[in-house]
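Structure file model22.pdb; described as PDB, C-alpha atoms.
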ATOM      1  CA  ASP A   1     -32.534 -23.346 -47.150
ATOM      2  CA  ALA A   2     -31.901 -20.140 -45.186
ATOM      3  CA  LYS A   3     -28.860 -19.909 -42.956
ATOM      4  CA  THR A   4     -29.230 -19.389 -39.208
ATOM      5  CA  THR A   5     -27.043 -17.626 -36.637
ATOM      6  CA  GLN A   6     -26.957 -18.637 -32.973
ATOM      7  CA  PRO A   7     -24.707 -17.684 -30.048
ATOM      8  CA  PRO A   8     -22.126 -20.421 -29.503
ATOM      9  CA  SER A   9     -22.853 -20.925 -25.822
ATOM     10  CA  MET A  10     -24.916 -19.765 -22.882
ATOM     11  CA  ASP A  11     -25.416 -20.648 -19.234
ATOM     12  CA  CYS A  12     -28.724 -20.895 -17.428
ATOM     13  CA  ALA A  13     -29.651 -21.354 -13.781
ATOM     14  CA  GLU A  14     -31.650 -24.437 -12.875
ATOM     15  CA  GLY A  15     -35.333 -23.623 -12.471
ATOM     16  CA  ARG A  16     -35.119 -20.408 -14.469
ATOM     17  CA  ALA A  17     -36.333 -19.848 -18.001
ATOM     18  CA  ALA A  18     -33.782 -20.266 -20.778
ATOM     19  CA  ASN A  19     -34.220 -18.008 -23.802
ATOM     20  CA  LEU A  20     -32.290 -19.130 -26.867
ATOM     21  CA  PRO A  21     -32.128 -16.650 -29.769
ATOM     22  CA  CYS A  22     -31.763 -17.412 -33.448
ATOM     23  CA  ASN A  23     -31.402 -15.114 -36.435
ATOM     24  CA  HIS A  24     -32.640 -16.208 -39.864
ATOM     25  CA  SER A  25     -32.804 -12.948 -41.786
ATOM     26  CA  THR A  26     -32.912 -14.619 -45.228
ATOM     27  CA  ILE A  27     -35.846 -16.894 -44.449
ATOM     28  CA  SER A  28     -38.418 -17.186 -47.215
ATOM     29  CA  GLY A  29     -42.167 -17.499 -47.014
ATOM     30  CA  ASN A  30     -42.421 -21.274 -47.216
ATOM     31  CA  GLU A  31     -39.641 -22.072 -44.749
ATOM     32  CA  TYR A  32     -40.292 -23.401 -41.264
ATOM     33  CA  VAL A  33     -38.199 -22.734 -38.165
ATOM     34  CA  TYR A  34     -37.228 -25.930 -36.368
ATOM     35  CA  TRP A  35     -35.483 -26.511 -33.074
ATOM     36  CA  TYR A  36     -33.662 -29.715 -32.205
ATOM     37  CA  ARG A  37     -31.315 -30.488 -29.367
ATOM     38  CA  GLN A  38     -28.529 -33.004 -28.973
ATOM     39  CA  ILE A  39     -27.622 -34.277 -25.552
ATOM     40  CA  HIS A  40     -24.084 -35.588 -25.402
ATOM     41  CA  SER A  41     -23.556 -38.730 -27.521
ATOM     42  CA  GLN A  42     -27.239 -39.084 -28.357
ATOM     43  CA  GLY A  43     -29.157 -38.515 -31.569
ATOM     44  CA  PRO A  44     -30.796 -35.116 -32.127
ATOM     45  CA  GLN A  45     -34.181 -34.732 -30.482
ATOM     46  CA  TYR A  46     -36.982 -32.723 -32.049
ATOM     47  CA  ILE A  47     -38.288 -29.939 -29.798
ATOM     48  CA  ILE A  48     -40.681 -27.708 -31.714
ATOM     49  CA  HIS A  49     -41.284 -26.001 -35.049
ATOM     50  CA  GLY A  50     -43.343 -23.153 -36.482
ATOM     51  CA  LEU A  51     -44.054 -21.149 -39.597
ATOM     52  CA  LYS A  52     -45.170 -17.708 -38.425
ATOM     53  CA  ASN A  53     -47.328 -18.133 -35.356
ATOM     54  CA  ASN A  54     -45.947 -18.700 -31.875
ATOM     55  CA  GLU A  55     -46.039 -22.335 -30.818
ATOM     56  CA  THR A  56     -46.020 -24.133 -27.481
ATOM     57  CA  ASN A  57     -45.768 -27.786 -26.536
ATOM     58  CA  GLU A  58     -44.862 -29.779 -23.439
ATOM     59  CA  MET A  59     -41.154 -29.104 -23.910
ATOM     60  CA  ALA A  60     -40.858 -25.472 -24.967
ATOM     61  CA  SER A  61     -42.306 -22.361 -26.563
ATOM     62  CA  LEU A  62     -41.261 -20.851 -29.871
ATOM     63  CA  ILE A  63     -41.621 -17.137 -30.444
ATOM     64  CA  ILE A  64     -41.206 -15.949 -34.057
ATOM     65  CA  THR A  65     -40.980 -12.225 -34.781
ATOM     66  CA  GLU A  66     -43.563 -10.692 -37.065
ATOM     67  CA  ASP A  67     -41.052 -10.243 -39.909
ATOM     68  CA  ARG A  68     -39.884 -13.858 -39.311
ATOM     69  CA  LYS A  69     -36.228 -12.802 -39.379
ATOM     70  CA  SER A  70     -35.554 -14.131 -35.875
ATOM     71  CA  SER A  71     -36.984 -16.455 -33.269
ATOM     72  CA  THR A  72     -36.531 -17.436 -29.632
ATOM     73  CA  LEU A  73     -36.822 -20.856 -28.071
ATOM     74  CA  ILE A  74     -37.974 -20.705 -24.465
ATOM     75  CA  LEU A  75     -37.407 -23.537 -22.001
ATOM     76  CA  PRO A  76     -39.733 -22.395 -19.201
ATOM     77  CA  HIS A  77     -38.075 -24.131 -16.234
ATOM     78  CA  ALA A  78     -34.611 -25.388 -17.167
ATOM     79  CA  THR A  79     -33.362 -28.562 -15.500
ATOM     80  CA  LEU A  80     -29.895 -30.121 -15.446
ATOM     81  CA  ARG A  81     -31.129 -32.595 -18.064
ATOM     82  CA  ASP A  82     -31.670 -29.707 -20.491
ATOM     83  CA  THR A  83     -27.898 -29.295 -20.834
ATOM     84  CA  ALA A  84     -27.336 -29.897 -24.551
ATOM     85  CA  VAL A  85     -26.495 -28.322 -27.891
ATOM     86  CA  TYR A  86     -29.561 -26.616 -29.344
ATOM     87  CA  TYR A  87     -29.888 -26.258 -33.083
ATOM     88  CA  CYS A  88     -32.084 -23.735 -34.858
ATOM     89  CA  ILE A  89     -32.789 -24.898 -38.405
ATOM     90  CA  VAL A  90     -34.752 -23.399 -41.243
ATOM     91  CA  GLN A  91     -36.323 -25.904 -43.589
ATOM     92  CA  ARG A  92     -38.538 -25.309 -46.551
ATOM     93  CA  ALA A  93     -41.895 -27.050 -46.766
ATOM     94  CA  ALA A  94     -41.442 -30.524 -48.289
ATOM     95  CA  GLY A  95     -37.709 -30.169 -47.805
ATOM     96  CA  ASN A  96     -35.682 -33.296 -47.196
ATOM     97  CA  LYS A  97     -32.538 -31.928 -45.655
ATOM     98  CA  LEU A  98     -31.912 -30.497 -42.214
ATOM     99  CA  THR A  99     -28.894 -28.190 -42.319
ATOM    100  CA  PHE A 100     -27.294 -28.224 -38.898
ATOM    101  CA  GLY A 101     -25.079 -25.257 -38.042
ATOM    102  CA  GLY A 102     -22.948 -24.924 -34.931
ATOM    103  CA  GLY A 103     -25.863 -24.573 -32.518
ATOM    104  CA  THR A 104     -25.854 -23.097 -29.008
ATOM    105  CA  ARG A 105     -24.234 -25.100 -26.246
ATOM    106  CA  VAL A 106     -26.465 -24.612 -23.199
ATOM    107  CA  LEU A 107     -25.160 -25.433 -19.757
ATOM    108  CA  VAL A 108     -27.742 -25.522 -16.988
ATOM    109  CA  LYS A 109     -26.110 -24.911 -13.625
ATOM    110  CA  PRO A 110     -27.459 -25.818 -10.174
TER     111      PRO A 110
ATOM    112  CA  ASN B 111     -42.132 -48.091 -28.542
ATOM    113  CA  ALA B 112     -38.696 -48.453 -30.153
ATOM    114  CA  GLY B 113     -38.776 -45.545 -32.638
ATOM    115  CA  VAL B 114     -35.570 -45.555 -34.725
ATOM    116  CA  THR B 115     -33.095 -48.342 -33.991
ATOM    117  CA  GLN B 116     -29.555 -48.448 -35.362
ATOM    118  CA  THR B 117     -27.246 -51.449 -35.396
ATOM    119  CA  PRO B 118     -24.463 -51.842 -34.586
ATOM    120  CA  LYS B 119     -23.796 -49.151 -31.983
ATOM    121  CA  PHE B 120     -20.010 -49.336 -32.312
ATOM    122  CA  ARG B 121     -17.674 -50.766 -34.924
ATOM    123  CA  VAL B 122     -13.985 -50.652 -35.734
ATOM    124  CA  LEU B 123     -12.911 -51.408 -39.300
ATOM    125  CA  LYS B 124      -9.656 -51.599 -41.161
ATOM    126  CA  THR B 125      -9.102 -49.507 -44.274
ATOM    127  CA  GLY B 126     -10.573 -51.248 -47.301
ATOM    128  CA  GLN B 127     -13.070 -53.391 -45.389
ATOM    129  CA  SER B 128     -16.750 -53.194 -46.142
ATOM    130  CA  MET B 129     -19.740 -53.090 -43.850
ATOM    131  CA  THR B 130     -23.431 -52.281 -43.695
ATOM    132  CA  LEU B 131     -25.191 -50.162 -41.114
ATOM    133  CA  LEU B 132     -28.825 -51.004 -40.468
ATOM    134  CA  CYS B 133     -31.586 -48.582 -39.551
ATOM    135  CA  ALA B 134     -35.067 -49.776 -38.615
ATOM    136  CA  GLN B 135     -38.128 -47.685 -37.714
ATOM    137  CA  ASP B 136     -41.495 -48.819 -36.415
ATOM    138  CA  MET B 137     -43.438 -45.586 -36.919
ATOM    139  CA  ASN B 138     -44.615 -46.322 -40.468
ATOM    140  CA  HIS B 139     -42.637 -43.326 -41.730
ATOM    141  CA  GLU B 140     -42.287 -42.883 -45.480
ATOM    142  CA  TYR B 141     -39.043 -40.905 -45.407
ATOM    143  CA  MET B 142     -35.697 -42.095 -44.053
ATOM    144  CA  TYR B 143     -32.291 -40.381 -43.871
ATOM    145  CA  TRP B 144     -28.653 -41.104 -43.167
ATOM    146  CA  TYR B 145     -26.445 -38.376 -41.660
ATOM    147  CA  ARG B 146     -22.870 -38.285 -40.469
ATOM    148  CA  GLN B 147     -21.507 -36.115 -37.663
ATOM    149  CA  ASP B 148     -17.831 -35.362 -37.298
ATOM    150  CA  PRO B 149     -16.366 -34.052 -34.010
ATOM    151  CA  GLY B 150     -17.552 -30.551 -33.106
ATOM    152  CA  MET B 151     -19.690 -30.251 -36.220
ATOM    153  CA  GLY B 152     -23.318 -30.436 -37.168
ATOM    154  CA  LEU B 153     -24.920 -33.320 -39.045
ATOM    155  CA  ARG B 154     -24.511 -33.658 -42.816
ATOM    156  CA  LEU B 155     -26.930 -35.585 -44.998
ATOM    157  CA  ILE B 156     -25.436 -38.578 -46.853
ATOM    158  CA  HIS B 157     -28.439 -40.159 -48.593
ATOM    159  CA  TYR B 158     -32.150 -40.224 -48.087
ATOM    160  CA  SER B 159     -35.220 -42.134 -49.256
ATOM    161  CA  VAL B 160     -38.756 -40.924 -49.863
ATOM    162  CA  GLY B 161     -40.217 -44.409 -50.097
ATOM    163  CA  GLU B 162     -39.615 -48.114 -50.524
ATOM    164  CA  GLY B 163     -37.368 -48.783 -53.483
ATOM    165  CA  THR B 164     -36.252 -45.162 -53.945
ATOM    166  CA  THR B 165     -33.098 -43.378 -52.774
ATOM    167  CA  ALA B 166     -31.432 -40.041 -53.449
ATOM    168  CA  LYS B 167     -28.091 -38.379 -52.801
ATOM    169  CA  GLY B 168     -27.619 -35.870 -50.045
ATOM    170  CA  GLU B 169     -24.811 -33.453 -49.314
ATOM    171  CA  VAL B 170     -21.927 -35.940 -48.873
ATOM    172  CA  PRO B 171     -22.802 -39.176 -50.758
ATOM    173  CA  ASP B 172     -19.371 -40.218 -52.066
ATOM    174  CA  GLY B 173     -18.100 -43.532 -50.748
ATOM    175  CA  TYR B 174     -21.529 -44.692 -49.546
ATOM    176  CA  ASN B 175     -24.400 -46.679 -51.009
ATOM    177  CA  VAL B 176     -27.894 -47.186 -49.647
ATOM    178  CA  SER B 177     -30.870 -49.444 -50.165
ATOM    179  CA  ARG B 178     -34.519 -49.311 -49.059
ATOM    180  CA  LEU B 179     -35.980 -52.711 -49.891
ATOM    181  CA  LYS B 180     -38.550 -52.531 -47.086
ATOM    182  CA  LYS B 181     -40.382 -49.471 -45.826
ATOM    183  CA  GLN B 182     -39.154 -49.923 -42.290
ATOM    184  CA  ASN B 183     -35.462 -50.472 -43.095
ATOM    185  CA  PHE B 184     -32.772 -48.251 -44.585
ATOM    186  CA  LEU B 185     -29.289 -49.682 -45.091
ATOM    187  CA  LEU B 186     -26.061 -47.692 -45.425
ATOM    188  CA  GLY B 187     -23.105 -49.461 -47.019
ATOM    189  CA  LEU B 188     -19.416 -48.702 -47.111
ATOM    190  CA  GLU B 189     -17.851 -50.714 -49.911
ATOM    191  CA  SER B 190     -14.212 -49.861 -49.144
ATOM    192  CA  ALA B 191     -13.859 -48.019 -45.853
ATOM    193  CA  ALA B 192     -11.441 -45.087 -45.598
ATOM    194  CA  PRO B 193     -10.150 -43.274 -42.485
ATOM    195  CA  SER B 194     -12.059 -40.158 -43.623
ATOM    196  CA  GLN B 195     -15.264 -42.069 -42.988
ATOM    197  CA  THR B 196     -14.559 -42.299 -39.278
ATOM    198  CA  SER B 197     -17.597 -40.595 -37.830
ATOM    199  CA  VAL B 198     -20.843 -41.007 -35.930
ATOM    200  CA  TYR B 199     -23.671 -42.024 -38.228
ATOM    201  CA  PHE B 200     -27.263 -41.122 -37.467
ATOM    202  CA  CYS B 201     -30.377 -42.458 -39.092
ATOM    203  CA  ALA B 202     -33.637 -40.521 -39.029
ATOM    204  CA  SER B 203     -37.171 -40.983 -40.295
ATOM    205  CA  SER B 204     -40.245 -38.836 -40.813
ATOM    206  CA  PHE B 205     -43.694 -38.854 -42.287
ATOM    207  CA  ARG B 206     -44.015 -37.634 -45.849
ATOM    208  CA  GLN B 207     -42.972 -34.010 -46.172
ATOM    209  CA  GLY B 208     -45.698 -31.796 -47.503
ATOM    210  CA  LEU B 209     -47.244 -28.442 -46.963
ATOM    211  CA  ARG B 210     -47.317 -29.146 -43.237
ATOM    212  CA  ASN B 211     -43.698 -29.970 -42.528
ATOM    213  CA  GLN B 212     -42.888 -33.041 -40.474
ATOM    214  CA  PRO B 213     -40.112 -33.376 -37.876
ATOM    215  CA  GLN B 214     -37.453 -36.030 -38.160
ATOM    216  CA  HIS B 215     -36.934 -38.659 -35.472
ATOM    217  CA  PHE B 216     -33.368 -39.828 -34.892
ATOM    218  CA  GLY B 217     -31.695 -42.989 -33.710
ATOM    219  CA  ASP B 218     -28.888 -43.001 -31.152
ATOM    220  CA  GLY B 219     -26.129 -43.365 -33.700
ATOM    221  CA  THR B 220     -23.433 -45.780 -34.819
ATOM    222  CA  ARG B 221     -19.881 -44.881 -33.851
ATOM    223  CA  LEU B 222     -17.578 -46.057 -36.609
ATOM    224  CA  SER B 223     -13.786 -45.949 -36.480
ATOM    225  CA  ILE B 224     -11.649 -46.845 -39.477
ATOM    226  CA  LEU B 225      -7.987 -47.563 -38.893
TER     227      LEU B 225
END
Show the structure stored in the file as structure tokens.
Amino acid sequence: DAKTTQPPSMDCAEGRAANLPCNHSTISGNEYVYWYRQIHSQGPQYIIHGLKNNETNEMASLIITEDRKSSTLILPHATLRDTAVYYCIVQRAAGNKLTFGGGTRVLVKP
Amino acid sequence: NAGVTQTPKFRVLKTGQSMTLLCAQDMNHEYMYWYRQDPGMGLRLIHYSVGEGTTAKGEVPDGYNVSRLKKQNFLLGLESAAPSQTSVYFCASSFRQGLRNQPQHFGDGTRLSIL
């Protein structure tokens, strides 16, 4: 599975949009981009995933560049409860292993 | 709607003791997974199962055994616990992986300390 690169930390103001970048320059054609988050002491929570088209659900939006070498997770209106570590993961179709890197520690401030 | 339930939530063992961690899911998922997470690190896959009666090794399988006798349950065993196995253990489950990839759903973890 392709490796991902994320900034180690970022701050965001409550009520503002949070844009979390991820680089996956070695991604191959059958690999999906997944985003999970882990709130302190809890199990990882699935947020969203996509292959090549942009995706949106009730939690977030995922923007994937045309060459698929990078993506951005957008939390449209960050709340204090969005403070967590966010993991960008690339997983091949039918893959059984999620490879968690260091993630981005997001702190939402009032 | 329970999702993925792990028991126990906390446990302290002495070196050499054995124990079994239980994971149960009520989502009719075919696939189940066991991960461990050490402080400040991401999750690493220990073992996984693609169906009842089948298991496979993950990234860090040594010192662990697993069984999947029922579709809804996935057991992780430590036969002779070692201090290096002190960690937080997470179970996850998902629908069958195929051309349309499926997300994994995680439990809240079991915090295991081995003295």
Notebook entry, point to check: At what distance in Å, to one decimal, does CA of Asn23 (chain A) lie from CA of His40 (chain A)?
Noted result: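 Taking CA of His40 (chain A) as the start and CA of Asn23 (chain A) as the end point, the length is 24.4 Å.
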Margin query: For a test of reading the model, state the distance in Å between CA of Lys124 (chain B) and CA of Val170 (chain B), rounded to one decimal.
Written below: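 According to the coordinates, CA of Lys124 (chain B) and CA of Val170 (chain B) are separated by 21.3 Å.
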Counting all atoms listed in the file, give me one row per residue of chain A with an atom at most 10 Å from an atom of chain B, showing the shortest contact pair and its distance in Å to one decimal, sorted by chain then residue number, as CSV.
residue,atom,partner,partner_atom,distance
A:Asn30,CA,B:Leu209,CA,8.6
A:Glu31,CA,B:Asn211,CA,9.2
A:Tyr32,CA,B:Asn211,CA,7.5
A:Tyr34,CA,B:Pro213,CA,8.1
A:Trp35,CA,B:Pro213,CA,9.6
A:Tyr36,CA,B:Pro213,CA,9.3
A:Ser41,CA,B:Asp218,CA,7.7
A:Gln42,CA,B:Asp218,CA,5.1
A:Gly43,CA,B:Asp218,CA,4.5
A:Pro44,CA,B:Phe216,CA,6.0
A:Gln45,CA,B:Phe216,CA,6.8
A:Tyr46,CA,B:Pro213,CA,6.6
A:Ile47,CA,B:Pro213,CA,9.0
A:Ile48,CA,B:Pro213,CA,8.4
A:His49,CA,B:Pro213,CA,8.0
A:Gly50,CA,B:Asn211,CA,9.1
A:Leu51,CA,B:Asn211,CA,9.3
A:Tyr87,CA,B:Gly152,CA,8.8
A:Gln91,CA,B:Asn211,CA,8.5
A:Arg92,CA,B:Asn211,CA,8.0
A:Ala93,CA,B:Asn211,CA,5.5
A:Ala94,CA,B:Gln207,CA,4.4
A:Gly95,CA,B:Gln207,CA,6.7
A:Asn96,CA,B:Gln207,CA,7.4
A:Lys97,CA,B:Leu155,CA,6.7
A:Leu98,CA,B:Leu155,CA,7.6
A:Thr99,CA,B:Arg154,CA,7.0
A:Phe100,CA,B:Gly152,CA,4.9
A:Gly101,CA,B:Gly152,CA,5.5
A:Gly102,CA,B:Gly152,CA,6.0
A:Gly103,CA,B:Gly152,CA,7.9
Item checked: Expansion of the PyMOL selection byres ((chain A and resi 63) around 6) into residues, as a list of chain:residue names ->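 Applied to this file, the PyMOL selection byres ((chain A and resi 63) around 6) selects A:Asn54, A:Leu62, A:Ile64, A:Ser71, A:Thr72.
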Next item on the list: Check what the PyMOL selection byres ((chain B and resi 194) around 10) selects in the file above and give those residues as a ChimeraX atom specification.
Entry: /B:125,148,173,191-193,195-197,223-225
Check: Could you pull the residues within 8 Å of Lys3 (chain A), counting all atoms listed in the file, minus those fewer than 4 positions along the same chain, as JSON, numbers by chain?
Finding: {"A": [24, 26, 27, 89, 90]}
Since fewer atoms than expected are present, regenerate all heavy atoms for region 56-67 of chain A and write them as a PDB file, in the frame of the given file.
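File written: out_22.pdb
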ATOM      1  N   THR A  56     -46.365 -23.614 -28.812  1.00  0.00           N
ATOM      2  CA  THR A  56     -46.020 -24.133 -27.481  1.00  0.00           C
ATOM      3  C   THR A  56     -46.348 -25.614 -27.438  1.00  0.00           C
ATOM      4  O   THR A  56     -47.382 -26.039 -27.963  1.00  0.00           O
ATOM      5  CB  THR A  56     -46.803 -23.397 -26.381  1.00  0.00           C
ATOM      6  OG1 THR A  56     -46.401 -22.023 -26.354  1.00  0.00           O
ATOM      7  CG2 THR A  56     -46.511 -24.001 -25.012  1.00  0.00           C
ATOM      8  N   ASN A  57     -45.465 -26.384 -26.824  1.00  0.00           N
ATOM      9  CA  ASN A  57     -45.768 -27.786 -26.536  1.00  0.00           C
ATOM     10  C   ASN A  57     -45.252 -28.112 -25.138  1.00  0.00           C
ATOM     11  O   ASN A  57     -44.878 -27.205 -24.380  1.00  0.00           O
ATOM     12  CB  ASN A  57     -45.201 -28.728 -27.611  1.00  0.00           C
ATOM     13  CG  ASN A  57     -43.686 -28.684 -27.704  1.00  0.00           C
ATOM     14  OD1 ASN A  57     -43.001 -28.282 -26.763  1.00  0.00           O
ATOM     15  ND2 ASN A  57     -43.174 -29.098 -28.844  1.00  0.00           N
ATOM     16  N   GLU A  58     -45.225 -29.381 -24.797  1.00  0.00           N
ATOM     17  CA  GLU A  58     -44.862 -29.779 -23.439  1.00  0.00           C
ATOM     18  C   GLU A  58     -43.399 -29.514 -23.124  1.00  0.00           C
ATOM     19  O   GLU A  58     -43.013 -29.491 -21.971  1.00  0.00           O
ATOM     20  CB  GLU A  58     -45.198 -31.249 -23.215  1.00  0.00           C
ATOM     21  CG  GLU A  58     -44.396 -32.224 -24.048  1.00  0.00           C
ATOM     22  CD  GLU A  58     -44.942 -32.377 -25.455  1.00  0.00           C
ATOM     23  OE1 GLU A  58     -45.924 -31.681 -25.818  1.00  0.00           O
ATOM     24  OE2 GLU A  58     -44.374 -33.209 -26.207  1.00  0.00           O
ATOM     25  N   MET A  59     -42.577 -29.316 -24.141  1.00  0.00           N
ATOM     26  CA  MET A  59     -41.154 -29.104 -23.910  1.00  0.00           C
ATOM     27  C   MET A  59     -40.771 -27.635 -23.881  1.00  0.00           C
ATOM     28  O   MET A  59     -39.912 -27.226 -23.101  1.00  0.00           O
ATOM     29  CB  MET A  59     -40.329 -29.793 -25.000  1.00  0.00           C
ATOM     30  CG  MET A  59     -40.328 -31.301 -24.943  1.00  0.00           C
ATOM     31  SD  MET A  59     -39.286 -32.003 -26.239  1.00  0.00           S
ATOM     32  CE  MET A  59     -37.671 -31.474 -25.688  1.00  0.00           C
ATOM     33  N   ALA A  60     -41.362 -26.831 -24.775  1.00  0.00           N
ATOM     34  CA  ALA A  60     -40.858 -25.472 -24.967  1.00  0.00           C
ATOM     35  C   ALA A  60     -41.887 -24.597 -25.663  1.00  0.00           C
ATOM     36  O   ALA A  60     -42.930 -25.075 -26.105  1.00  0.00           O
ATOM     37  CB  ALA A  60     -39.582 -25.529 -25.802  1.00  0.00           C
ATOM     38  N   SER A  61     -41.533 -23.319 -25.769  1.00  0.00           N
ATOM     39  CA  SER A  61     -42.306 -22.361 -26.563  1.00  0.00           C
ATOM     40  C   SER A  61     -41.397 -21.772 -27.623  1.00  0.00           C
ATOM     41  O   SER A  61     -40.190 -21.607 -27.404  1.00  0.00           O
ATOM     42  CB  SER A  61     -42.863 -21.234 -25.679  1.00  0.00           C
ATOM     43  OG  SER A  61     -43.795 -21.730 -24.747  1.00  0.00           O
ATOM     44  N   LEU A  62     -41.998 -21.455 -28.767  1.00  0.00           N
ATOM     45  CA  LEU A  62     -41.261 -20.851 -29.871  1.00  0.00           C
ATOM     46  C   LEU A  62     -41.922 -19.530 -30.204  1.00  0.00           C
ATOM     47  O   LEU A  62     -43.126 -19.500 -30.514  1.00  0.00           O
ATOM     48  CB  LEU A  62     -41.278 -21.773 -31.093  1.00  0.00           C
ATOM     49  CG  LEU A  62     -40.677 -21.231 -32.386  1.00  0.00           C
ATOM     50  CD1 LEU A  62     -39.207 -20.883 -32.202  1.00  0.00           C
ATOM     51  CD2 LEU A  62     -40.843 -22.245 -33.523  1.00  0.00           C
ATOM     52  N   ILE A  63     -41.132 -18.473 -30.123  1.00  0.00           N
ATOM     53  CA  ILE A  63     -41.621 -17.137 -30.444  1.00  0.00           C
ATOM     54  C   ILE A  63     -40.945 -16.685 -31.740  1.00  0.00           C
ATOM     55  O   ILE A  63     -39.710 -16.627 -31.799  1.00  0.00           O
ATOM     56  CB  ILE A  63     -41.301 -16.127 -29.320  1.00  0.00           C
ATOM     57  CG1 ILE A  63     -41.782 -16.656 -27.961  1.00  0.00           C
ATOM     58  CG2 ILE A  63     -41.929 -14.764 -29.636  1.00  0.00           C
ATOM     59  CD1 ILE A  63     -43.265 -16.880 -27.863  1.00  0.00           C
ATOM     60  N   ILE A  64     -41.731 -16.394 -32.754  1.00  0.00           N
ATOM     61  CA  ILE A  64     -41.206 -15.949 -34.057  1.00  0.00           C
ATOM     62  C   ILE A  64     -41.620 -14.495 -34.249  1.00  0.00           C
ATOM     63  O   ILE A  64     -42.792 -14.157 -34.074  1.00  0.00           O
ATOM     64  CB  ILE A  64     -41.761 -16.834 -35.198  1.00  0.00           C
ATOM     65  CG1 ILE A  64     -41.399 -18.293 -34.957  1.00  0.00           C
ATOM     66  CG2 ILE A  64     -41.211 -16.372 -36.548  1.00  0.00           C
ATOM     67  CD1 ILE A  64     -42.025 -19.267 -35.956  1.00  0.00           C
ATOM     68  N   THR A  65     -40.660 -13.646 -34.588  1.00  0.00           N
ATOM     69  CA  THR A  65     -40.980 -12.225 -34.781  1.00  0.00           C
ATOM     70  C   THR A  65     -41.898 -12.054 -35.985  1.00  0.00           C
ATOM     71  O   THR A  65     -41.978 -12.924 -36.869  1.00  0.00           O
ATOM     72  CB  THR A  65     -39.707 -11.401 -34.991  1.00  0.00           C
ATOM     73  OG1 THR A  65     -38.984 -11.929 -36.121  1.00  0.00           O
ATOM     74  CG2 THR A  65     -38.821 -11.453 -33.757  1.00  0.00           C
ATOM     75  N   GLU A  66     -42.563 -10.922 -36.020  1.00  0.00           N
ATOM     76  CA  GLU A  66     -43.563 -10.692 -37.065  1.00  0.00           C
ATOM     77  C   GLU A  66     -42.939 -10.728 -38.460  1.00  0.00           C
ATOM     78  O   GLU A  66     -43.554 -11.222 -39.412  1.00  0.00           O
ATOM     79  CB  GLU A  66     -44.249  -9.347 -36.830  1.00  0.00           C
ATOM     80  CG  GLU A  66     -45.513  -9.169 -37.663  1.00  0.00           C
ATOM     81  CD  GLU A  66     -46.331  -7.970 -37.236  1.00  0.00           C
ATOM     82  OE1 GLU A  66     -46.145  -7.500 -36.085  1.00  0.00           O
ATOM     83  OE2 GLU A  66     -47.137  -7.498 -38.044  1.00  0.00           O
ATOM     84  N   ASP A  67     -41.709 -10.215 -38.607  1.00  0.00           N
ATOM     85  CA  ASP A  67     -41.052 -10.243 -39.909  1.00  0.00           C
ATOM     86  C   ASP A  67     -40.368 -11.579 -40.184  1.00  0.00           C
ATOM     87  O   ASP A  67     -39.792 -11.782 -41.249  1.00  0.00           O
ATOM     88  CB  ASP A  67     -40.038  -9.106 -40.050  1.00  0.00           C
ATOM     89  CG  ASP A  67     -38.895  -9.197 -39.043  1.00  0.00           C
ATOM     90  OD1 ASP A  67     -38.806 -10.215 -38.314  1.00  0.00           O
ATOM     91  OD2 ASP A  67     -38.102  -8.258 -38.960  1.00  0.00           O
TER      92      ASP A  67
END
